[in-house]
$ cat target_4.txt   # compact mmCIF, N, CA and C atoms
# COMPACT_ATOMS: atom_id res chain seq x y z
N MET K 142 8.32 0.36 -17.75
CA MET K 142 7.63 1.61 -17.92
C MET K 142 6.42 1.37 -18.82
N ALA K 143 5.32 2.03 -18.48
CA ALA K 143 4.10 1.91 -19.27
C ALA K 143 4.23 2.70 -20.57
N ALA K 144 3.34 2.42 -21.51
CA ALA K 144 3.39 3.06 -22.82
C ALA K 144 3.27 4.58 -22.72
N ASN K 145 2.56 5.08 -21.70
CA ASN K 145 2.37 6.53 -21.58
C ASN K 145 3.55 7.22 -20.90
N GLY K 146 4.61 6.47 -20.59
CA GLY K 146 5.81 7.08 -20.01
C GLY K 146 5.85 7.07 -18.50
N THR K 147 4.78 6.60 -17.85
CA THR K 147 4.80 6.53 -16.40
C THR K 147 5.44 5.23 -15.96
N VAL K 148 5.95 5.22 -14.76
CA VAL K 148 6.56 4.01 -14.22
C VAL K 148 5.50 3.25 -13.46
N SER K 149 5.36 1.97 -13.75
CA SER K 149 4.30 1.19 -13.12
C SER K 149 4.70 0.75 -11.72
N ARG K 150 3.71 0.33 -10.94
CA ARG K 150 3.94 -0.12 -9.57
C ARG K 150 4.66 -1.46 -9.58
N ALA K 151 5.32 -1.75 -8.47
CA ALA K 151 6.12 -2.97 -8.36
C ALA K 151 5.23 -4.18 -8.16
N ASN K 152 5.64 -5.29 -8.72
CA ASN K 152 4.99 -6.56 -8.45
C ASN K 152 5.68 -7.26 -7.29
N ASN K 153 6.89 -6.89 -7.01
CA ASN K 153 7.70 -7.51 -5.98
C ASN K 153 7.86 -6.50 -4.85
N ALA K 154 7.52 -6.89 -3.61
CA ALA K 154 7.57 -5.97 -2.47
C ALA K 154 8.97 -5.43 -2.22
N ASN K 155 10.01 -6.17 -2.62
CA ASN K 155 11.38 -5.72 -2.39
C ASN K 155 11.89 -4.80 -3.50
N GLN K 156 11.16 -4.68 -4.57
CA GLN K 156 11.57 -3.86 -5.70
C GLN K 156 11.31 -2.39 -5.38
N ARG K 157 12.29 -1.54 -5.52
CA ARG K 157 12.16 -0.11 -5.28
C ARG K 157 11.95 0.58 -6.62
N ILE K 158 10.77 1.16 -6.78
CA ILE K 158 10.44 1.84 -8.03
C ILE K 158 9.75 3.15 -7.73
N ILE K 159 9.54 3.92 -8.76
CA ILE K 159 8.77 5.16 -8.66
C ILE K 159 7.29 4.79 -8.72
N LEU K 160 6.52 5.23 -7.75
CA LEU K 160 5.10 4.94 -7.72
C LEU K 160 4.27 6.00 -8.44
N SER K 161 4.87 7.10 -8.78
CA SER K 161 4.15 8.22 -9.37
C SER K 161 3.45 7.81 -10.68
N THR K 162 2.23 8.31 -10.83
CA THR K 162 1.52 8.14 -12.09
C THR K 162 1.48 9.46 -12.85
N VAL K 163 2.05 10.51 -12.26
CA VAL K 163 2.03 11.83 -12.87
C VAL K 163 3.40 12.20 -13.43
N ILE K 164 4.44 12.02 -12.63
CA ILE K 164 5.79 12.37 -13.06
C ILE K 164 6.33 11.21 -13.89
N LYS K 165 6.75 11.52 -15.08
CA LYS K 165 7.24 10.49 -15.99
C LYS K 165 8.71 10.19 -15.69
N ALA K 166 9.13 8.98 -16.00
CA ALA K 166 10.49 8.52 -15.68
C ALA K 166 11.55 9.47 -16.21
N GLN K 167 11.38 9.98 -17.42
CA GLN K 167 12.38 10.86 -18.00
C GLN K 167 12.44 12.22 -17.30
N GLN K 168 11.42 12.58 -16.52
CA GLN K 168 11.41 13.86 -15.80
C GLN K 168 12.15 13.80 -14.47
N VAL K 169 12.45 12.62 -13.98
CA VAL K 169 13.10 12.48 -12.68
C VAL K 169 14.48 13.12 -12.68
N ASP K 170 15.08 13.30 -13.84
CA ASP K 170 16.38 13.95 -13.91
C ASP K 170 16.31 15.43 -13.56
N GLU K 171 15.14 16.03 -13.66
CA GLU K 171 14.97 17.44 -13.29
C GLU K 171 14.73 17.52 -11.79
N TRP K 172 15.53 18.31 -11.09
CA TRP K 172 15.47 18.35 -9.63
C TRP K 172 14.09 18.75 -9.12
N TYR K 173 13.39 19.66 -9.82
CA TYR K 173 12.11 20.11 -9.30
C TYR K 173 11.04 19.04 -9.42
N PHE K 174 11.11 18.17 -10.43
CA PHE K 174 10.16 17.06 -10.48
C PHE K 174 10.55 15.99 -9.46
N ALA K 175 11.83 15.72 -9.36
CA ALA K 175 12.30 14.73 -8.39
C ALA K 175 11.96 15.17 -6.97
N SER K 176 12.07 16.47 -6.67
CA SER K 176 11.78 16.94 -5.32
C SER K 176 10.31 16.78 -4.95
N TYR K 177 9.42 16.83 -5.94
CA TYR K 177 8.00 16.58 -5.66
C TYR K 177 7.77 15.13 -5.23
N MET K 178 8.64 14.25 -5.68
CA MET K 178 8.46 12.84 -5.36
C MET K 178 8.82 12.51 -3.92
N ILE K 179 9.71 13.28 -3.32
CA ILE K 179 10.18 12.97 -1.96
C ILE K 179 9.01 12.86 -0.98
N PRO K 180 8.13 13.84 -0.89
CA PRO K 180 7.02 13.69 0.07
C PRO K 180 5.86 12.84 -0.46
N HIS K 181 5.79 12.64 -1.77
CA HIS K 181 4.64 11.91 -2.32
C HIS K 181 4.81 10.39 -2.29
N GLU K 182 6.00 9.92 -2.48
CA GLU K 182 6.19 8.47 -2.56
C GLU K 182 5.78 7.74 -1.27
N PRO K 183 6.07 8.25 -0.06
CA PRO K 183 5.59 7.55 1.14
C PRO K 183 4.06 7.51 1.23
N ILE K 184 3.41 8.59 0.78
CA ILE K 184 1.94 8.62 0.78
C ILE K 184 1.41 7.58 -0.20
N ARG K 185 2.02 7.51 -1.38
CA ARG K 185 1.60 6.50 -2.36
C ARG K 185 1.83 5.09 -1.81
N HIS K 186 2.91 4.91 -1.07
CA HIS K 186 3.19 3.60 -0.47
C HIS K 186 2.08 3.24 0.51
N TRP K 187 1.68 4.18 1.37
CA TRP K 187 0.57 3.93 2.29
C TRP K 187 -0.70 3.57 1.52
N MET K 188 -0.95 4.30 0.43
CA MET K 188 -2.15 4.02 -0.36
C MET K 188 -2.11 2.61 -0.96
N ASP K 189 -0.94 2.21 -1.44
CA ASP K 189 -0.80 0.85 -1.97
C ASP K 189 -1.04 -0.19 -0.89
N LEU K 190 -0.52 0.05 0.32
CA LEU K 190 -0.73 -0.90 1.41
C LEU K 190 -2.20 -0.97 1.81
N LEU K 191 -2.88 0.17 1.88
CA LEU K 191 -4.31 0.17 2.18
C LEU K 191 -5.08 -0.59 1.11
N ASP K 192 -4.71 -0.37 -0.14
CA ASP K 192 -5.36 -1.08 -1.24
C ASP K 192 -5.13 -2.59 -1.12
N GLN K 193 -3.91 -2.97 -0.83
CA GLN K 193 -3.56 -4.39 -0.74
C GLN K 193 -4.21 -5.08 0.46
N TYR K 194 -4.16 -4.45 1.62
CA TYR K 194 -4.60 -5.12 2.85
C TYR K 194 -6.06 -4.89 3.20
N VAL K 195 -6.67 -3.88 2.61
CA VAL K 195 -8.07 -3.60 2.93
C VAL K 195 -8.96 -3.84 1.71
N ALA K 196 -8.75 -3.08 0.66
CA ALA K 196 -9.66 -3.13 -0.48
C ALA K 196 -9.62 -4.45 -1.24
N LYS K 197 -8.43 -5.03 -1.39
CA LYS K 197 -8.29 -6.25 -2.21
C LYS K 197 -8.05 -7.49 -1.38
N ASN K 198 -8.44 -7.47 -0.13
CA ASN K 198 -8.15 -8.59 0.76
C ASN K 198 -9.46 -9.22 1.24
N ASP K 199 -9.75 -10.40 0.76
CA ASP K 199 -10.98 -11.08 1.18
C ASP K 199 -10.98 -11.41 2.66
N ALA K 200 -9.81 -11.52 3.27
CA ALA K 200 -9.73 -11.83 4.70
C ALA K 200 -10.06 -10.62 5.57
N PHE K 201 -10.19 -9.45 4.96
CA PHE K 201 -10.55 -8.25 5.71
C PHE K 201 -12.06 -8.27 5.91
N ASP K 202 -12.51 -9.06 6.86
CA ASP K 202 -13.93 -9.25 7.12
C ASP K 202 -14.32 -8.38 8.31
N ALA K 203 -14.90 -7.23 8.01
CA ALA K 203 -15.23 -6.26 9.06
C ALA K 203 -16.39 -6.70 9.93
N VAL K 204 -17.20 -7.63 9.45
CA VAL K 204 -18.31 -8.13 10.28
C VAL K 204 -17.77 -9.14 11.28
N ALA K 205 -16.97 -10.08 10.82
CA ALA K 205 -16.42 -11.09 11.72
C ALA K 205 -15.35 -10.51 12.65
N TYR K 206 -14.63 -9.53 12.14
CA TYR K 206 -13.53 -8.92 12.90
C TYR K 206 -13.70 -7.40 12.92
N PRO K 207 -14.64 -6.89 13.71
CA PRO K 207 -14.90 -5.44 13.70
C PRO K 207 -13.70 -4.59 14.12
N TRP K 208 -12.78 -5.17 14.86
CA TRP K 208 -11.59 -4.43 15.25
C TRP K 208 -10.76 -4.00 14.04
N LYS K 209 -10.91 -4.71 12.93
CA LYS K 209 -10.16 -4.32 11.73
C LYS K 209 -10.62 -2.95 11.22
N MET K 210 -11.93 -2.73 11.24
CA MET K 210 -12.44 -1.42 10.81
C MET K 210 -12.07 -0.34 11.82
N GLU K 211 -12.13 -0.68 13.10
CA GLU K 211 -11.73 0.29 14.12
C GLU K 211 -10.27 0.70 13.91
N ASN K 212 -9.42 -0.28 13.64
CA ASN K 212 -8.01 0.01 13.40
C ASN K 212 -7.81 0.80 12.11
N PHE K 213 -8.56 0.43 11.07
CA PHE K 213 -8.47 1.17 9.81
C PHE K 213 -8.81 2.63 10.02
N PHE K 214 -9.97 2.90 10.64
CA PHE K 214 -10.38 4.29 10.82
C PHE K 214 -9.45 5.05 11.77
N ALA K 215 -8.91 4.39 12.78
CA ALA K 215 -7.95 5.05 13.67
C ALA K 215 -6.70 5.46 12.88
N PHE K 216 -6.17 4.55 12.07
CA PHE K 216 -5.01 4.88 11.24
C PHE K 216 -5.36 5.98 10.25
N TYR K 217 -6.49 5.83 9.58
CA TYR K 217 -6.89 6.79 8.56
C TYR K 217 -7.07 8.18 9.16
N ARG K 218 -7.83 8.25 10.24
CA ARG K 218 -8.17 9.53 10.87
C ARG K 218 -6.94 10.20 11.51
N ASP K 219 -6.19 9.43 12.28
CA ASP K 219 -5.10 10.00 13.09
C ASP K 219 -3.79 10.17 12.35
N TYR K 220 -3.58 9.41 11.29
CA TYR K 220 -2.30 9.47 10.59
C TYR K 220 -2.47 9.86 9.12
N PHE K 221 -3.08 8.98 8.35
CA PHE K 221 -3.13 9.19 6.91
C PHE K 221 -3.79 10.52 6.54
N TYR K 222 -4.99 10.76 7.02
CA TYR K 222 -5.72 11.98 6.69
C TYR K 222 -4.94 13.21 7.12
N GLU K 223 -4.45 13.20 8.35
CA GLU K 223 -3.72 14.36 8.86
C GLU K 223 -2.45 14.63 8.06
N VAL K 224 -1.70 13.59 7.74
CA VAL K 224 -0.46 13.76 6.98
C VAL K 224 -0.76 14.32 5.59
N VAL K 225 -1.72 13.74 4.90
CA VAL K 225 -2.04 14.19 3.54
C VAL K 225 -2.59 15.61 3.55
N HIS K 226 -3.46 15.92 4.50
CA HIS K 226 -4.03 17.27 4.59
C HIS K 226 -2.92 18.29 4.85
N HIS K 227 -2.05 18.02 5.81
CA HIS K 227 -0.94 18.93 6.12
C HIS K 227 0.00 19.06 4.91
N HIS K 228 0.27 17.94 4.28
CA HIS K 228 1.14 17.92 3.10
C HIS K 228 0.60 18.86 2.01
N HIS K 229 -0.71 18.80 1.75
CA HIS K 229 -1.30 19.66 0.73
C HIS K 229 -1.24 21.12 1.13
N ASP K 230 -1.48 21.41 2.41
CA ASP K 230 -1.38 22.80 2.88
C ASP K 230 0.03 23.34 2.64
N VAL K 231 1.03 22.55 2.96
CA VAL K 231 2.42 22.98 2.77
C VAL K 231 2.70 23.22 1.29
N GLU K 232 2.26 22.32 0.44
CA GLU K 232 2.48 22.50 -1.00
C GLU K 232 1.81 23.77 -1.51
N GLU K 233 0.54 23.94 -1.15
CA GLU K 233 -0.23 25.06 -1.70
C GLU K 233 0.20 26.41 -1.13
N GLN K 234 0.57 26.44 0.15
CA GLN K 234 0.88 27.71 0.80
C GLN K 234 2.36 28.07 0.78
N ILE K 235 3.23 27.07 0.62
CA ILE K 235 4.67 27.35 0.69
C ILE K 235 5.39 26.94 -0.59
N VAL K 236 5.30 25.67 -0.96
CA VAL K 236 6.11 25.14 -2.05
C VAL K 236 5.75 25.75 -3.40
N VAL K 237 4.48 25.75 -3.76
CA VAL K 237 4.07 26.26 -5.07
C VAL K 237 4.38 27.75 -5.21
N PRO K 238 4.01 28.59 -4.23
CA PRO K 238 4.37 30.02 -4.37
C PRO K 238 5.89 30.24 -4.45
N TRP K 239 6.66 29.50 -3.67
CA TRP K 239 8.12 29.62 -3.73
C TRP K 239 8.62 29.24 -5.13
N GLY K 240 8.13 28.12 -5.65
CA GLY K 240 8.55 27.68 -6.97
C GLY K 240 8.19 28.67 -8.06
N GLU K 241 6.99 29.24 -7.96
CA GLU K 241 6.57 30.22 -8.97
C GLU K 241 7.47 31.46 -8.94
N LYS K 242 7.88 31.89 -7.75
CA LYS K 242 8.80 33.03 -7.65
C LYS K 242 10.15 32.72 -8.29
N LYS K 243 10.55 31.46 -8.25
CA LYS K 243 11.84 31.04 -8.82
C LYS K 243 11.73 30.64 -10.29
N GLY K 244 10.51 30.67 -10.82
CA GLY K 244 10.31 30.28 -12.21
C GLY K 244 10.27 28.77 -12.42
N VAL K 245 10.01 28.04 -11.33
CA VAL K 245 9.94 26.58 -11.41
C VAL K 245 8.48 26.17 -11.57
N PRO K 246 8.17 25.45 -12.62
CA PRO K 246 6.77 25.07 -12.83
C PRO K 246 6.33 24.00 -11.84
N SER K 247 5.06 24.09 -11.43
CA SER K 247 4.50 23.01 -10.63
C SER K 247 3.77 22.09 -11.60
N PRO K 248 3.62 20.81 -11.23
CA PRO K 248 2.87 19.91 -12.13
C PRO K 248 1.50 20.50 -12.43
N PRO K 249 1.09 20.53 -13.69
CA PRO K 249 -0.15 21.22 -14.09
C PRO K 249 -1.40 20.74 -13.38
N LYS K 250 -1.47 19.46 -13.06
CA LYS K 250 -2.69 18.92 -12.46
C LYS K 250 -2.74 19.11 -10.95
N LEU K 251 -1.71 19.69 -10.34
CA LEU K 251 -1.56 19.70 -8.89
C LEU K 251 -2.79 20.21 -8.14
N MET K 252 -3.22 21.42 -8.41
CA MET K 252 -4.32 22.01 -7.64
C MET K 252 -5.64 21.27 -7.86
N GLY K 253 -5.93 20.90 -9.09
CA GLY K 253 -7.16 20.14 -9.35
C GLY K 253 -7.14 18.79 -8.65
N ASP K 254 -5.98 18.15 -8.67
CA ASP K 254 -5.84 16.87 -7.97
C ASP K 254 -6.05 17.04 -6.47
N HIS K 255 -5.52 18.12 -5.91
CA HIS K 255 -5.68 18.36 -4.47
C HIS K 255 -7.15 18.51 -4.10
N GLU K 256 -7.89 19.26 -4.88
CA GLU K 256 -9.31 19.47 -4.59
C GLU K 256 -10.08 18.15 -4.63
N SER K 257 -9.89 17.37 -5.68
CA SER K 257 -10.64 16.12 -5.79
C SER K 257 -10.18 15.10 -4.75
N LEU K 258 -8.89 15.08 -4.46
CA LEU K 258 -8.38 14.15 -3.45
C LEU K 258 -8.89 14.51 -2.07
N MET K 259 -8.88 15.79 -1.71
CA MET K 259 -9.37 16.18 -0.38
C MET K 259 -10.86 15.89 -0.24
N LYS K 260 -11.61 16.04 -1.31
CA LYS K 260 -13.04 15.68 -1.24
C LYS K 260 -13.17 14.19 -0.94
N ALA K 261 -12.41 13.38 -1.65
CA ALA K 261 -12.47 11.93 -1.41
C ALA K 261 -12.01 11.59 0.00
N LEU K 262 -10.95 12.23 0.48
CA LEU K 262 -10.47 11.97 1.84
C LEU K 262 -11.51 12.35 2.88
N ASN K 263 -12.17 13.49 2.68
CA ASN K 263 -13.22 13.91 3.60
C ASN K 263 -14.40 12.95 3.57
N ASP K 264 -14.74 12.46 2.39
CA ASP K 264 -15.84 11.49 2.27
C ASP K 264 -15.53 10.21 3.05
N ILE K 265 -14.30 9.73 2.92
CA ILE K 265 -13.91 8.51 3.65
C ILE K 265 -13.93 8.76 5.15
N LYS K 266 -13.42 9.91 5.55
CA LYS K 266 -13.40 10.25 6.99
C LYS K 266 -14.83 10.28 7.55
N ALA K 267 -15.77 10.81 6.78
CA ALA K 267 -17.16 10.88 7.22
C ALA K 267 -17.80 9.50 7.33
N LYS K 268 -17.27 8.52 6.61
CA LYS K 268 -17.82 7.16 6.65
C LYS K 268 -17.62 6.49 8.01
N GLU K 269 -16.69 6.98 8.81
CA GLU K 269 -16.45 6.35 10.12
C GLU K 269 -17.71 6.38 10.98
N ASN K 270 -18.40 7.51 11.03
CA ASN K 270 -19.63 7.58 11.83
C ASN K 270 -20.71 6.66 11.28
N GLU K 271 -20.82 6.60 9.96
CA GLU K 271 -21.79 5.69 9.35
C GLU K 271 -21.45 4.24 9.72
N TRP K 272 -20.17 3.90 9.65
CA TRP K 272 -19.76 2.54 9.99
C TRP K 272 -20.07 2.22 11.45
N LYS K 273 -19.81 3.14 12.36
CA LYS K 273 -20.08 2.91 13.79
C LYS K 273 -21.57 2.65 14.03
N GLN K 274 -22.42 3.42 13.36
CA GLN K 274 -23.86 3.23 13.51
C GLN K 274 -24.30 1.87 12.96
N LEU K 275 -23.77 1.52 11.80
CA LEU K 275 -24.10 0.22 11.20
C LEU K 275 -23.56 -0.92 12.05
N ALA K 276 -22.33 -0.79 12.54
CA ALA K 276 -21.73 -1.84 13.37
C ALA K 276 -22.53 -2.05 14.64
N ALA K 277 -23.05 -0.99 15.21
CA ALA K 277 -23.86 -1.11 16.44
C ALA K 277 -25.14 -1.90 16.17
N LYS K 278 -25.68 -1.81 14.96
CA LYS K 278 -26.89 -2.55 14.61
C LYS K 278 -26.58 -3.99 14.23
N VAL K 279 -25.47 -4.22 13.54
CA VAL K 279 -25.11 -5.55 13.03
C VAL K 279 -24.49 -6.42 14.10
N ARG K 280 -23.69 -5.86 14.94
CA ARG K 280 -22.94 -6.65 15.92
C ARG K 280 -23.83 -7.55 16.79
N PRO K 281 -24.95 -7.05 17.30
CA PRO K 281 -25.81 -7.95 18.10
C PRO K 281 -26.38 -9.13 17.29
N LEU K 282 -26.51 -8.95 15.99
CA LEU K 282 -27.05 -10.00 15.15
C LEU K 282 -26.01 -11.08 14.81
N THR K 283 -24.73 -10.71 14.87
CA THR K 283 -23.67 -11.64 14.49
C THR K 283 -22.94 -12.25 15.67
N CYS K 284 -23.15 -11.69 16.86
CA CYS K 284 -22.47 -12.21 18.05
C CYS K 284 -23.47 -12.97 18.91
N GLU K 285 -23.03 -14.07 19.45
CA GLU K 285 -23.95 -14.84 20.31
C GLU K 285 -23.55 -14.72 21.75

$ encode --input "target_4.txt" --output "structure tokens"
Amino acid sequence: MAANGTVSRANNANQRIILSTVIKAQQVDEWYFASYMIPHEPIRHWMDLLDQYVAKNDAFDAVAYPWKMENFFAFYRDYFYEVVHHHHDVEEQIVVPWGEKKGVPSPPKLMGDHESLMKALNDIKAKENEWKQLAAKVRPLTCE
């Protein structure tokens, strides 16, 4: 556990840990904090995999292997973006109002995080068209 009380990410792929940077380890005993983790942990896992295989991978050469970017954007657009967007709608329209009626607090940063995250997700989604235009210009220069 980190000094701030959050549980850090695993160094070992087989290690099962809490990926949350918001919910502290001691809060997992409360059902309402633990229940927030159920839909979030798979999304965090996808984010870790994208970080590992795309952002931090020197072998992810989009110029030499343009199909990698095509696959990335297909996954991002058709799965990741849609799942996260739907997930946030469910939280904001169903889960949070239900919890408030029951007197269950939602994590304080939730709504602000959703706004900034959706802006970032929309920005990434918009990059697909930019990438296609750039790839169309670069591809003839790199292929013989």

$ atom_distance --input "target_4.txt" --atom1 "atom N of Asp192 (chain K)" --atom2 "atom N of Leu251 (chain K)"
22.7 Å

$ atom_distance --input "target_4.txt" --atom1 "CA of Ser176 (chain K)" --atom2 "CA of Ile265 (chain K)"
28.5 Å

$ residues_around --input "target_4.txt" --residues "region 207-210 of chain K" --least-positions-apart "6" --cutoff "8 Å" --atoms "only N, CA and C atoms" --output "PyMOL selection string"
chain K and resi 201+216+276

$ residues_around --input "target_4.txt" --residues "Val225 (chain K)" --least-positions-apart "5" --cutoff "8 Å" --atoms "all atoms listed in the file" --output "list in words"
Ile184, Tyr220, Asp230, Val231 and Met259 of chain K

$ axis_aligned_box --input "target_4.txt" --around "region 240-246 of chain K" --padding-each-side "3 Å" --output "JSON"
{"center_x": 9.1, "center_y": 28.5, "center_z": -9.2, "size_x": 11.5, "size_y": 15.0, "size_z": 13.2}

$ atom_distance --input "target_4.txt" --atom1 "CA of Trp172 (chain K)" --atom2 "CA of Phe221 (chain K)"
26.5 Å

$ closest_residue --input "target_4.txt" --among "K:Lys266, K:Val195, K:His255, K:Phe213" --to "Glu233 (chain K)" --atoms "only C-alpha atoms"
K:His255

$ residues_around --input "target_4.txt" --residues "Val204 (chain K)" --least-positions-apart "5" --cutoff "12 Å" --atoms "only C-alpha atoms" --output "VMD selection string"
chain K and resid 209 to 211 272 to 273 275 to 284

$ select_by_dssp --input "target_4.txt" --residues "region 193-254 of chain K" --states "helix (DSSP H, G or I)" --output "short mmCIF file (atom, residue, chain, number, x, y, z; two decimals) with N, CA and C atoms, keeping the file's coordinate frame"
data_model
loop_
_atom_site.label_atom_id
_atom_site.label_comp_id
_atom_site.auth_asym_id
_atom_site.auth_seq_id
_atom_site.Cartn_x
_atom_site.Cartn_y
_atom_site.Cartn_z
N GLN K 193 -3.91 -2.97 -0.83
CA GLN K 193 -3.56 -4.39 -0.74
C GLN K 193 -4.21 -5.08 0.46
N TYR K 194 -4.16 -4.45 1.62
CA TYR K 194 -4.60 -5.12 2.85
C TYR K 194 -6.06 -4.89 3.20
N VAL K 195 -6.67 -3.88 2.61
CA VAL K 195 -8.07 -3.60 2.93
C VAL K 195 -8.96 -3.84 1.71
N ALA K 196 -8.75 -3.08 0.66
CA ALA K 196 -9.66 -3.13 -0.48
C ALA K 196 -9.62 -4.45 -1.24
N PRO K 207 -14.64 -6.89 13.71
CA PRO K 207 -14.90 -5.44 13.70
C PRO K 207 -13.70 -4.59 14.12
N TRP K 208 -12.78 -5.17 14.86
CA TRP K 208 -11.59 -4.43 15.25
C TRP K 208 -10.76 -4.00 14.04
N LYS K 209 -10.91 -4.71 12.93
CA LYS K 209 -10.16 -4.32 11.73
C LYS K 209 -10.62 -2.95 11.22
N MET K 210 -11.93 -2.73 11.24
CA MET K 210 -12.44 -1.42 10.81
C MET K 210 -12.07 -0.34 11.82
N GLU K 211 -12.13 -0.68 13.10
CA GLU K 211 -11.73 0.29 14.12
C GLU K 211 -10.27 0.70 13.91
N ASN K 212 -9.42 -0.28 13.64
CA ASN K 212 -8.01 0.01 13.40
C ASN K 212 -7.81 0.80 12.11
N PHE K 213 -8.56 0.43 11.07
CA PHE K 213 -8.47 1.17 9.81
C PHE K 213 -8.81 2.63 10.02
N PHE K 214 -9.97 2.90 10.64
CA PHE K 214 -10.38 4.29 10.82
C PHE K 214 -9.45 5.05 11.77
N ALA K 215 -8.91 4.39 12.78
CA ALA K 215 -7.95 5.05 13.67
C ALA K 215 -6.70 5.46 12.88
N PHE K 216 -6.17 4.55 12.07
CA PHE K 216 -5.01 4.88 11.24
C PHE K 216 -5.36 5.98 10.25
N TYR K 217 -6.49 5.83 9.58
CA TYR K 217 -6.89 6.79 8.56
C TYR K 217 -7.07 8.18 9.16
N ARG K 218 -7.83 8.25 10.24
CA ARG K 218 -8.17 9.53 10.87
C ARG K 218 -6.94 10.20 11.51
N ASP K 219 -6.19 9.43 12.28
CA ASP K 219 -5.10 10.00 13.09
C ASP K 219 -3.79 10.17 12.35
N TYR K 220 -3.58 9.41 11.29
CA TYR K 220 -2.30 9.47 10.59
C TYR K 220 -2.47 9.86 9.12
N PHE K 221 -3.08 8.98 8.35
CA PHE K 221 -3.13 9.19 6.91
C PHE K 221 -3.79 10.52 6.54
N TYR K 222 -4.99 10.76 7.02
CA TYR K 222 -5.72 11.98 6.69
C TYR K 222 -4.94 13.21 7.12
N GLU K 223 -4.45 13.20 8.35
CA GLU K 223 -3.72 14.36 8.86
C GLU K 223 -2.45 14.63 8.06
N VAL K 224 -1.70 13.59 7.74
CA VAL K 224 -0.46 13.76 6.98
C VAL K 224 -0.76 14.32 5.59
N VAL K 225 -1.72 13.74 4.90
CA VAL K 225 -2.04 14.19 3.54
C VAL K 225 -2.59 15.61 3.55
N HIS K 226 -3.46 15.92 4.50
CA HIS K 226 -4.03 17.27 4.59
C HIS K 226 -2.92 18.29 4.85
N HIS K 227 -2.05 18.02 5.81
CA HIS K 227 -0.94 18.93 6.12
C HIS K 227 0.00 19.06 4.91
N HIS K 228 0.27 17.94 4.28
CA HIS K 228 1.14 17.92 3.10
C HIS K 228 0.60 18.86 2.01
N HIS K 229 -0.71 18.80 1.75
CA HIS K 229 -1.30 19.66 0.73
C HIS K 229 -1.24 21.12 1.13
N ASP K 230 -1.48 21.41 2.41
CA ASP K 230 -1.38 22.80 2.88
C ASP K 230 0.03 23.34 2.64
N VAL K 231 1.03 22.55 2.96
CA VAL K 231 2.42 22.98 2.77
C VAL K 231 2.70 23.22 1.29
N GLU K 232 2.26 22.32 0.44
CA GLU K 232 2.48 22.50 -1.00
C GLU K 232 1.81 23.77 -1.51
N GLU K 233 0.54 23.94 -1.15
CA GLU K 233 -0.23 25.06 -1.70
C GLU K 233 0.20 26.41 -1.13
N GLN K 234 0.57 26.44 0.15
CA GLN K 234 0.88 27.71 0.80
C GLN K 234 2.36 28.07 0.78
N ILE K 235 3.23 27.07 0.62
CA ILE K 235 4.67 27.35 0.69
C ILE K 235 5.39 26.94 -0.59
N VAL K 236 5.30 25.67 -0.96
CA VAL K 236 6.11 25.14 -2.05
C VAL K 236 5.75 25.75 -3.40
N VAL K 237 4.48 25.75 -3.76
CA VAL K 237 4.07 26.26 -5.07
C VAL K 237 4.38 27.75 -5.21
N PRO K 238 4.01 28.59 -4.23
CA PRO K 238 4.37 30.02 -4.37
C PRO K 238 5.89 30.24 -4.45
N TRP K 239 6.66 29.50 -3.67
CA TRP K 239 8.12 29.62 -3.73
C TRP K 239 8.62 29.24 -5.13
N GLY K 240 8.13 28.12 -5.65
CA GLY K 240 8.55 27.68 -6.97
C GLY K 240 8.19 28.67 -8.06
N GLU K 241 6.99 29.24 -7.96
CA GLU K 241 6.57 30.22 -8.97
C GLU K 241 7.47 31.46 -8.94
N LYS K 242 7.88 31.89 -7.75
CA LYS K 242 8.80 33.03 -7.65
C LYS K 242 10.15 32.72 -8.29
N LYS K 243 10.55 31.46 -8.25
CA LYS K 243 11.84 31.04 -8.82
C LYS K 243 11.73 30.64 -10.29
N LEU K 251 -1.71 19.69 -10.34
CA LEU K 251 -1.56 19.70 -8.89
C LEU K 251 -2.79 20.21 -8.14
N MET K 252 -3.22 21.42 -8.41
CA MET K 252 -4.32 22.01 -7.64
C MET K 252 -5.64 21.27 -7.86
N GLY K 253 -5.93 20.90 -9.09
CA GLY K 253 -7.16 20.14 -9.35
C GLY K 253 -7.14 18.79 -8.65
N ASP K 254 -5.98 18.15 -8.67
CA ASP K 254 -5.84 16.87 -7.97
C ASP K 254 -6.05 17.04 -6.47
#

$ closest_residue --input "target_4.txt" --among "K:Tyr206, K:Tyr194, K:Tyr222, K:Tyr217" --to "Lys260 (chain K)" --atoms "only C-alpha atoms"
K:Tyr222
